[in-house]
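First up is the structure itself, then whatever we jot down about it.
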There are 2 protein chains.
Amino acid sequence: MISMYKKYVKILKDHAIIITSPRLDILKFLDEHHTHPDVEEIYTSLKKKHPSLSRTTVYNSLEILKKNKIIQSLTISGSELRYDIKEGLHHHFLCKHCGRIFDISITCPNMNRTVAGGHHVEEVQGYFKGICKKCQTKEKERRNNG
Amino acid sequence: MISMYKKYVKILKDHAIIITSPRLDILKFLDEHHTHPDVEEIYTSLKKKHPSLSRTTVYNSLEILKKNKIIQSLTISGSELRYDIKEGLHHHFLCKHCGRIFDISITCPNMNRTVAGGHHVEEVQGYFKGICKKCQTKEKERRNNG
DNA sequence: ATTCTATTTTGTAATAATTACAATTTTGTA
DNA sequence: TACAAAATTGTAATTATTACAAAATAGAAT
């Protein structure tokens, strides 16, 4: 039972973060859902299995995971922060129609930059916005049928 | 007196947007302040000369200017939206120390992309975050002197 | 296993950014 | 100058996030 958390226990131990069940659950959730969920989605999902969970705990846990560079937050939506397990460099695409966020695997010479305009760079994020593949298809079908 | 707005009147006319003083003032403000201000900064500045101005008007005006692609909003800060006159493609750098946002003139092969991961791209934004030139210098001085 | 202290979790209250909406005012046109 | 459509204003509501104090828990030491 505890074994399903082994991977996440190791991650926290490696970063000298105190191991707690909210942290393990959040990490597991993000590892299993690469949909860039916001706090509300994470909270609502985990609340079912762990009814005492507090929203504040989700905020706090995400914060400590972020500080340790285990996860990252995306500001792409412009309202809520979205969260993402950090696995390899990639960019993001936001569909203005359905609101979903996709990983974009294109590379870019600036992704690994440590200096830009004389400033010291610690993070680089590329955001693409438009209409996703699926929404475009739906739109075409709508035009053809009706 | 009206002549100082000539440029902005033309922009609005060209886009068939009804000409109103809040819109002219906001446009002028963004044209003269390339600091990527948020709504509060714009509102507070313009309120001095135009005391009846409402915050909602600032939101509405920015929205219509954005829809017409005269300005763009940046989500780089993660809390408030920042606004920018659209003049040539460029990326942005946010200093985590002083909070200022700088234009970064580096180019990138993905800036003009219209497709990414099969999705239709309408906007591309590159966000760099770290410590700006000035804050780095200050930090060095602090270490050397004290 | 038990105890202890620092840290975390919880729940509520506060804050900040944005949106909704109805009444009033203004714009552009006739 | 008058009119209809659209914009502005001010207030209230909503949403995302942060602050904070009390209760609970983790990990170290015994």
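By order of appearance in the structure tokens: chains A, B, ..., then residues from 1 within every chain, and ligands from 1 in the order shown.
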Check every residue of chain C for an atom within 10 Å of chain B, counting only C-alpha atoms (C1' of nucleotides), and provide those that qualify as a list in words.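 Result, ordered by chain then number: DA16, DA17, DT18, DT19, DT26, DT27 and DG28 of chain C.
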Using only C-alpha atoms (C1' of nucleotides), please write the residues we just selected to a file, as a PDB file, in the first residue's frame.
```pdb
ATOM      1  C1'  DA C  16      -6.056  41.207  -4.525  1.00  0.00           C
ATOM      2  C1'  DA C  17      -7.455  40.937  -9.263  1.00  0.00           C
ATOM      3  C1'  DT C  18     -11.151  40.672 -12.122  1.00  0.00           C
ATOM      4  C1'  DT C  19     -15.962  40.417 -13.727  1.00  0.00           C
ATOM      5  C1'  DT C  26     -21.275  60.087 -24.311  1.00  0.00           C
ATOM      6  C1'  DT C  27     -20.348  59.097 -29.235  1.00  0.00           C
ATOM      7  C1'  DG C  28     -21.315  59.187 -33.972  1.00  0.00           C
TER       8       DG C  28
END
```
Please, which residues in chain B fall within 8 Å of chain D when counting only C-alpha atoms (C1' of nucleotides), and what is the closest atom pair and distance in Å to one decimal for each, ordered by chain then residue number, as a tab-separated table?
```
residue	atom	partner	partner_atom	distance
B:Ser52	CA	D:DT9	C1'	7.7
B:Leu53	CA	D:DT9	C1'	7.6
B:Ser54	CA	D:DT9	C1'	5.9
B:Thr56	CA	D:DT9	C1'	7.9
B:Thr57	CA	D:DT8	C1'	6.3
```
Residues of chain B no more than 7 Å from chain A, counting only C-alpha atoms: send them over as an mmCIF file with all heavy atoms, in the first residue's frame.
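Full text of part.cif as output:
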```
data_model
loop_
_atom_site.group_PDB
_atom_site.id
_atom_site.type_symbol
_atom_site.label_atom_id
_atom_site.label_comp_id
_atom_site.auth_asym_id
_atom_site.auth_seq_id
_atom_site.Cartn_x
_atom_site.Cartn_y
_atom_site.Cartn_z
ATOM 1 N N THR B 75 1.115 37.508 -19.190
ATOM 2 C CA THR B 75 0.752 36.757 -17.981
ATOM 3 C C THR B 75 2.009 36.403 -17.190
ATOM 4 O O THR B 75 1.963 35.573 -16.291
ATOM 5 C CB THR B 75 -0.002 35.470 -18.353
ATOM 6 O OG1 THR B 75 0.859 34.619 -19.109
ATOM 7 C CG2 THR B 75 -1.239 35.767 -19.173
ATOM 8 N N ILE B 76 3.106 37.024 -17.532
ATOM 9 C CA ILE B 76 4.398 36.625 -16.956
ATOM 10 C C ILE B 76 4.444 36.696 -15.435
ATOM 11 O O ILE B 76 5.102 35.877 -14.801
ATOM 12 C CB ILE B 76 5.551 37.456 -17.584
ATOM 13 C CG1 ILE B 76 6.918 36.850 -17.238
ATOM 14 C CG2 ILE B 76 5.478 38.917 -17.188
ATOM 15 C CD1 ILE B 76 8.065 37.446 -18.037
ATOM 16 N N GLY B 78 2.116 36.181 -13.167
ATOM 17 C CA GLY B 78 1.412 35.127 -12.447
ATOM 18 C C GLY B 78 0.297 35.641 -11.562
ATOM 19 O O GLY B 78 -0.541 34.882 -11.114
ATOM 20 N N LEU B 81 -2.315 40.948 -14.782
ATOM 21 C CA LEU B 81 -1.929 41.055 -16.180
ATOM 22 C C LEU B 81 -1.149 42.344 -16.373
ATOM 23 O O LEU B 81 -1.445 43.368 -15.752
ATOM 24 C CB LEU B 81 -3.161 41.062 -17.088
ATOM 25 C CG LEU B 81 -3.959 39.765 -17.193
ATOM 26 C CD1 LEU B 81 -5.173 39.972 -18.090
ATOM 27 C CD2 LEU B 81 -3.099 38.642 -17.742
ATOM 28 N N ILE B 104 13.028 41.809 -24.244
ATOM 29 C CA ILE B 104 14.228 41.080 -24.643
ATOM 30 C C ILE B 104 14.189 40.962 -26.157
ATOM 31 O O ILE B 104 13.227 40.427 -26.712
ATOM 32 C CB ILE B 104 14.232 39.662 -24.015
ATOM 33 C CG1 ILE B 104 14.292 39.748 -22.491
ATOM 34 C CG2 ILE B 104 15.374 38.837 -24.548
ATOM 35 C CD1 ILE B 104 15.575 40.296 -21.958
ATOM 36 N N CYS B 108 13.922 34.133 -32.155
ATOM 37 C CA CYS B 108 13.678 32.734 -31.869
ATOM 38 C C CYS B 108 12.904 32.174 -33.040
ATOM 39 O O CYS B 108 11.965 32.820 -33.517
ATOM 40 C CB CYS B 108 12.884 32.678 -30.566
ATOM 41 S SG CYS B 108 12.010 31.157 -30.301
ATOM 42 N N ALA B 116 2.033 24.340 -34.031
ATOM 43 C CA ALA B 116 2.922 23.708 -33.061
ATOM 44 C C ALA B 116 2.203 22.489 -32.498
ATOM 45 O O ALA B 116 1.084 22.602 -32.006
ATOM 46 C CB ALA B 116 3.278 24.678 -31.939
ATOM 47 N N GLY B 117 2.840 21.331 -32.663
ATOM 48 C CA GLY B 117 2.228 20.096 -32.179
ATOM 49 C C GLY B 117 0.905 19.813 -32.873
ATOM 50 O O GLY B 117 0.042 19.136 -32.321
ATOM 51 N N GLY B 118 0.753 20.362 -34.077
ATOM 52 C CA GLY B 118 -0.490 20.142 -34.812
ATOM 53 C C GLY B 118 -1.579 21.139 -34.451
ATOM 54 O O GLY B 118 -2.654 21.146 -35.045
ATOM 55 N N HIS B 119 -1.309 21.992 -33.496
ATOM 56 C CA HIS B 119 -2.294 22.984 -33.079
ATOM 57 C C HIS B 119 -2.083 24.293 -33.837
ATOM 58 O O HIS B 119 -0.966 24.619 -34.221
ATOM 59 C CB HIS B 119 -2.174 23.256 -31.575
ATOM 60 C CG HIS B 119 -2.174 22.002 -30.754
ATOM 61 N ND1 HIS B 119 -3.203 21.103 -30.772
ATOM 62 C CD2 HIS B 119 -1.248 21.486 -29.908
ATOM 63 C CE1 HIS B 119 -2.927 20.100 -29.965
ATOM 64 N NE2 HIS B 119 -1.743 20.300 -29.430
ATOM 65 N N HIS B 120 -3.165 25.032 -34.004
ATOM 66 C CA HIS B 120 -3.068 26.303 -34.723
ATOM 67 C C HIS B 120 -2.667 27.419 -33.753
ATOM 68 O O HIS B 120 -3.377 27.712 -32.793
ATOM 69 C CB HIS B 120 -4.409 26.625 -35.384
ATOM 70 C CG HIS B 120 -4.446 27.995 -35.976
ATOM 71 N ND1 HIS B 120 -3.627 28.371 -37.006
ATOM 72 C CD2 HIS B 120 -5.176 29.087 -35.661
ATOM 73 C CE1 HIS B 120 -3.857 29.624 -37.313
ATOM 74 N NE2 HIS B 120 -4.795 30.100 -36.505
ATOM 75 N N VAL B 121 -1.538 28.047 -34.027
ATOM 76 C CA VAL B 121 -0.973 29.052 -33.127
ATOM 77 C C VAL B 121 -1.357 30.461 -33.562
ATOM 78 O O VAL B 121 -1.195 30.823 -34.720
ATOM 79 C CB VAL B 121 0.564 28.933 -33.091
ATOM 80 C CG1 VAL B 121 1.166 30.055 -32.275
ATOM 81 C CG2 VAL B 121 0.976 27.580 -32.539
ATOM 82 N N GLU B 122 -1.848 31.244 -32.622
ATOM 83 C CA GLU B 122 -2.180 32.642 -32.912
ATOM 84 C C GLU B 122 -1.268 33.620 -32.174
ATOM 85 O O GLU B 122 -1.095 34.754 -32.592
ATOM 86 C CB GLU B 122 -3.648 32.917 -32.530
ATOM 87 C CG GLU B 122 -4.629 32.171 -33.435
ATOM 88 C CD GLU B 122 -6.063 32.214 -32.931
ATOM 89 O OE1 GLU B 122 -6.301 32.815 -31.864
ATOM 90 O OE2 GLU B 122 -6.935 31.617 -33.596
ATOM 91 N N GLU B 123 -0.726 33.170 -31.066
ATOM 92 C CA GLU B 123 0.156 34.020 -30.242
ATOM 93 C C GLU B 123 1.330 33.210 -29.725
ATOM 94 O O GLU B 123 1.168 32.056 -29.355
ATOM 95 C CB GLU B 123 -0.571 34.467 -28.972
ATOM 96 C CG GLU B 123 -1.539 35.590 -29.111
ATOM 97 C CD GLU B 123 -2.181 35.855 -27.748
ATOM 98 O OE1 GLU B 123 -1.455 36.087 -26.758
ATOM 99 O OE2 GLU B 123 -3.427 35.776 -27.668
ATOM 100 N N VAL B 124 2.479 33.857 -29.656
ATOM 101 C CA VAL B 124 3.661 33.226 -29.067
ATOM 102 C C VAL B 124 4.273 34.194 -28.072
ATOM 103 O O VAL B 124 4.467 35.365 -28.392
ATOM 104 C CB VAL B 124 4.712 32.887 -30.138
ATOM 105 C CG1 VAL B 124 5.937 32.233 -29.529
ATOM 106 C CG2 VAL B 124 4.118 31.981 -31.215
ATOM 107 N N GLN B 125 4.525 33.720 -26.868
ATOM 108 C CA GLN B 125 5.192 34.582 -25.895
ATOM 109 C C GLN B 125 6.322 33.813 -25.221
ATOM 110 O O GLN B 125 6.136 32.677 -24.794
ATOM 111 C CB GLN B 125 4.186 35.082 -24.855
ATOM 112 C CG GLN B 125 3.131 35.991 -25.503
ATOM 113 C CD GLN B 125 2.254 36.703 -24.501
ATOM 114 O OE1 GLN B 125 2.002 36.198 -23.413
ATOM 115 N NE2 GLN B 125 1.779 37.889 -24.856
ATOM 116 N N GLY B 126 7.464 34.457 -25.151
ATOM 117 C CA GLY B 126 8.620 33.848 -24.487
ATOM 118 C C GLY B 126 8.897 34.601 -23.201
ATOM 119 O O GLY B 126 9.073 35.815 -23.216
ATOM 120 N N TYR B 127 8.870 33.877 -22.092
ATOM 121 C CA TYR B 127 9.081 34.514 -20.795
ATOM 122 C C TYR B 127 10.380 34.000 -20.170
ATOM 123 O O TYR B 127 10.576 32.790 -20.025
ATOM 124 C CB TYR B 127 7.918 34.191 -19.854
ATOM 125 C CG TYR B 127 6.591 34.809 -20.251
ATOM 126 C CD1 TYR B 127 5.403 34.248 -19.796
ATOM 127 C CD2 TYR B 127 6.527 35.949 -21.048
ATOM 128 C CE1 TYR B 127 4.170 34.815 -20.139
ATOM 129 C CE2 TYR B 127 5.298 36.512 -21.386
ATOM 130 C CZ TYR B 127 4.127 35.944 -20.929
ATOM 131 O OH TYR B 127 2.916 36.497 -21.263
ATOM 132 N N PHE B 128 11.219 34.927 -19.787
ATOM 133 C CA PHE B 128 12.458 34.609 -19.094
ATOM 134 C C PHE B 128 12.353 35.200 -17.697
ATOM 135 O O PHE B 128 11.921 36.335 -17.534
ATOM 136 C CB PHE B 128 13.651 35.226 -19.832
ATOM 137 C CG PHE B 128 13.839 34.696 -21.231
ATOM 138 C CD1 PHE B 128 13.026 35.137 -22.269
ATOM 139 C CD2 PHE B 128 14.808 33.753 -21.505
ATOM 140 C CE1 PHE B 128 13.178 34.640 -23.561
ATOM 141 C CE2 PHE B 128 14.975 33.251 -22.800
ATOM 142 C CZ PHE B 128 14.157 33.697 -23.830
ATOM 143 N N LYS B 129 12.745 34.425 -16.702
ATOM 144 C CA LYS B 129 12.688 34.946 -15.331
ATOM 145 C C LYS B 129 14.025 34.734 -14.640
ATOM 146 O O LYS B 129 14.692 33.729 -14.878
ATOM 147 C CB LYS B 129 11.580 34.232 -14.540
ATOM 148 C CG LYS B 129 10.220 34.376 -15.177
ATOM 149 C CD LYS B 129 9.108 33.724 -14.373
ATOM 150 C CE LYS B 129 7.819 33.695 -15.207
ATOM 151 N NZ LYS B 129 6.676 33.117 -14.480
ATOM 152 N N GLY B 130 14.404 35.695 -13.818
ATOM 153 C CA GLY B 130 15.680 35.593 -13.122
ATOM 154 C C GLY B 130 15.963 36.872 -12.368
ATOM 155 O O GLY B 130 15.044 37.476 -11.818
ATOM 156 N N ILE B 131 17.230 37.276 -12.359
ATOM 157 C CA ILE B 131 17.612 38.499 -11.660
ATOM 158 C C ILE B 131 18.167 39.472 -12.691
ATOM 159 O O ILE B 131 19.076 39.130 -13.440
ATOM 160 C CB ILE B 131 18.688 38.216 -10.581
ATOM 161 C CG1 ILE B 131 18.249 37.072 -9.649
ATOM 162 C CG2 ILE B 131 18.996 39.478 -9.782
ATOM 163 C CD1 ILE B 131 17.028 37.353 -8.811
ATOM 164 N N CYS B 132 17.628 40.674 -12.704
ATOM 165 C CA CYS B 132 18.034 41.633 -13.730
ATOM 166 C C CYS B 132 19.435 42.181 -13.461
ATOM 167 O O CYS B 132 19.962 42.073 -12.361
ATOM 168 C CB CYS B 132 17.019 42.765 -13.849
ATOM 169 S SG CYS B 132 17.169 44.026 -12.570
ATOM 170 N N LYS B 133 19.974 42.770 -14.492
ATOM 171 C CA LYS B 133 21.302 43.368 -14.473
ATOM 172 C C LYS B 133 21.515 44.235 -13.229
ATOM 173 O O LYS B 133 22.448 44.042 -12.459
ATOM 174 C CB LYS B 133 21.430 44.253 -15.716
ATOM 175 C CG LYS B 133 22.749 44.178 -16.427
ATOM 176 C CD LYS B 133 22.821 45.201 -17.546
ATOM 177 C CE LYS B 133 21.881 44.896 -18.729
ATOM 178 N NZ LYS B 133 22.263 45.699 -19.935
#
```
Which value, in Å to one decimal, gives the distance between CA of Gly99 (chain B) and CA of Asp38 (chain B)? 11.8 Å
Show me, as a VMD selection string, the residues that have an atom within 12 Å of His15 (chain A) when counting only C-alpha atoms (C1' of nucleotides), minus same-chain residues fewer than 4 positions from it. chain A and resid 8 to 11 19 64 to 70
Work out how far CA of Lys86 (chain A) is from CA of Lys47 (chain A), in Å to one decimal.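 Distance reported for this atom pair: 23.8 Å.
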Per DSSP on the backbone, what are the strand (DSSP E or B) residues of chain A, as an MDAnalysis selection string? chainID A and resid 38 71:74 82:85 91:95 101:104 115:116 119:131
How would the residues just chosen look if you wrote them out with N, CA, C and O atoms as a compact mmCIF listing (two decimals), in the first residue's frame?
```txt
# COMPACT_ATOMS: atom_id res chain seq x y z
N ASP A 38 -4.97 23.00 -12.18
CA ASP A 38 -4.84 24.13 -11.26
C ASP A 38 -5.08 23.64 -9.83
O ASP A 38 -5.37 22.45 -9.62
N ILE A 71 8.55 20.52 -9.30
CA ILE A 71 7.45 20.90 -10.20
C ILE A 71 7.67 22.35 -10.65
O ILE A 71 8.54 23.04 -10.11
N GLN A 72 6.86 22.76 -11.61
CA GLN A 72 6.91 24.16 -12.00
C GLN A 72 5.47 24.67 -12.11
O GLN A 72 4.54 23.89 -12.27
N SER A 73 5.32 25.98 -12.00
CA SER A 73 4.00 26.56 -12.21
C SER A 73 3.99 27.30 -13.52
O SER A 73 4.99 27.91 -13.90
N LEU A 74 2.87 27.22 -14.20
CA LEU A 74 2.70 27.92 -15.48
C LEU A 74 1.74 29.07 -15.29
O LEU A 74 0.70 28.92 -14.67
N ARG A 82 -1.12 26.96 -13.11
CA ARG A 82 -1.21 25.57 -13.49
C ARG A 82 0.06 24.87 -13.10
O ARG A 82 1.12 25.49 -13.15
N TYR A 83 -0.01 23.60 -12.75
CA TYR A 83 1.17 22.89 -12.27
C TYR A 83 1.55 21.70 -13.13
O TYR A 83 0.71 21.03 -13.72
N ASP A 84 2.85 21.42 -13.10
CA ASP A 84 3.47 20.52 -14.05
C ASP A 84 4.69 19.89 -13.39
O ASP A 84 5.51 20.58 -12.82
N ILE A 85 4.78 18.56 -13.45
CA ILE A 85 6.00 17.89 -13.00
C ILE A 85 7.11 18.28 -13.98
O ILE A 85 6.88 18.29 -15.18
N HIS A 91 7.81 23.29 -24.17
CA HIS A 91 7.00 24.50 -24.14
C HIS A 91 5.53 24.12 -23.97
O HIS A 91 5.21 22.93 -23.86
N HIS A 92 4.67 25.12 -23.94
CA HIS A 92 3.25 24.84 -23.70
C HIS A 92 2.33 25.56 -24.68
O HIS A 92 2.62 26.68 -25.12
N PHE A 93 1.24 24.88 -24.95
CA PHE A 93 0.22 25.43 -25.84
C PHE A 93 -1.10 25.49 -25.09
O PHE A 93 -1.53 24.51 -24.49
N LEU A 94 -1.74 26.65 -25.11
CA LEU A 94 -3.06 26.81 -24.49
C LEU A 94 -4.11 26.98 -25.57
O LEU A 94 -4.01 27.88 -26.41
N CYS A 95 -5.14 26.13 -25.52
CA CYS A 95 -6.23 26.27 -26.48
C CYS A 95 -7.22 27.30 -25.95
O CYS A 95 -7.77 27.14 -24.85
N ILE A 101 -4.26 22.68 -21.85
CA ILE A 101 -2.86 23.03 -22.07
C ILE A 101 -2.11 21.78 -22.49
O ILE A 101 -2.23 20.74 -21.84
N PHE A 102 -1.36 21.89 -23.58
CA PHE A 102 -0.61 20.75 -24.11
C PHE A 102 0.88 21.02 -24.01
O PHE A 102 1.32 22.16 -24.12
N ASP A 103 1.64 19.95 -23.82
CA ASP A 103 3.09 20.06 -23.93
C ASP A 103 3.45 20.16 -25.40
O ASP A 103 2.87 19.46 -26.23
N ILE A 104 4.39 21.02 -25.68
CA ILE A 104 4.88 21.17 -27.05
C ILE A 104 6.35 20.80 -27.04
O ILE A 104 7.13 21.40 -26.29
N VAL A 115 21.67 33.86 -19.86
CA VAL A 115 21.74 35.32 -19.93
C VAL A 115 20.84 35.80 -21.07
O VAL A 115 20.80 35.17 -22.12
N ALA A 116 20.12 36.88 -20.84
CA ALA A 116 19.31 37.48 -21.90
C ALA A 116 19.25 38.97 -21.63
O ALA A 116 18.84 39.39 -20.54
N HIS A 119 20.63 40.20 -18.43
CA HIS A 119 20.02 39.74 -17.18
C HIS A 119 20.33 38.26 -16.95
O HIS A 119 20.48 37.51 -17.90
N HIS A 120 20.36 37.88 -15.69
CA HIS A 120 20.63 36.48 -15.37
C HIS A 120 19.34 35.67 -15.40
O HIS A 120 18.42 35.93 -14.63
N VAL A 121 19.30 34.68 -16.26
CA VAL A 121 18.07 33.90 -16.48
C VAL A 121 18.07 32.62 -15.65
O VAL A 121 19.05 31.87 -15.67
N GLU A 122 17.00 32.39 -14.95
CA GLU A 122 16.87 31.15 -14.18
C GLU A 122 15.79 30.23 -14.74
O GLU A 122 15.82 29.03 -14.52
N GLU A 123 14.83 30.81 -15.42
CA GLU A 123 13.70 30.05 -15.98
C GLU A 123 13.37 30.57 -17.36
O GLU A 123 13.40 31.76 -17.58
N VAL A 124 12.97 29.66 -18.23
CA VAL A 124 12.50 30.05 -19.55
C VAL A 124 11.21 29.30 -19.83
O VAL A 124 11.13 28.09 -19.63
N GLN A 125 10.19 30.04 -20.24
CA GLN A 125 8.94 29.38 -20.60
C GLN A 125 8.42 29.93 -21.92
O GLN A 125 8.39 31.14 -22.13
N GLY A 126 8.06 29.02 -22.79
CA GLY A 126 7.49 29.43 -24.09
C GLY A 126 6.02 29.07 -24.12
O GLY A 126 5.65 27.93 -23.90
N TYR A 127 5.20 30.09 -24.34
CA TYR A 127 3.75 29.88 -24.36
C TYR A 127 3.20 30.15 -25.75
O TYR A 127 3.42 31.21 -26.33
N PHE A 128 2.48 29.19 -26.24
CA PHE A 128 1.80 29.31 -27.53
C PHE A 128 0.30 29.27 -27.26
O PHE A 128 -0.16 28.45 -26.48
N LYS A 129 -0.44 30.16 -27.89
CA LYS A 129 -1.89 30.16 -27.70
C LYS A 129 -2.60 30.16 -29.03
O LYS A 129 -2.13 30.78 -29.98
N GLY A 130 -3.71 29.46 -29.09
CA GLY A 130 -4.46 29.38 -30.33
C GLY A 130 -5.58 28.38 -30.20
O GLY A 130 -6.22 28.31 -29.15
N ILE A 131 -5.85 27.64 -31.27
CA ILE A 131 -6.92 26.65 -31.25
C ILE A 131 -6.31 25.27 -31.45
O ILE A 131 -5.58 25.05 -32.42
```
Could you pull out the alpha helix (DSSP H) residues of chain B from DSSP and send them as number ranges by chain? B: 6-14, 21-32, 39-49, 55-67, 133-145
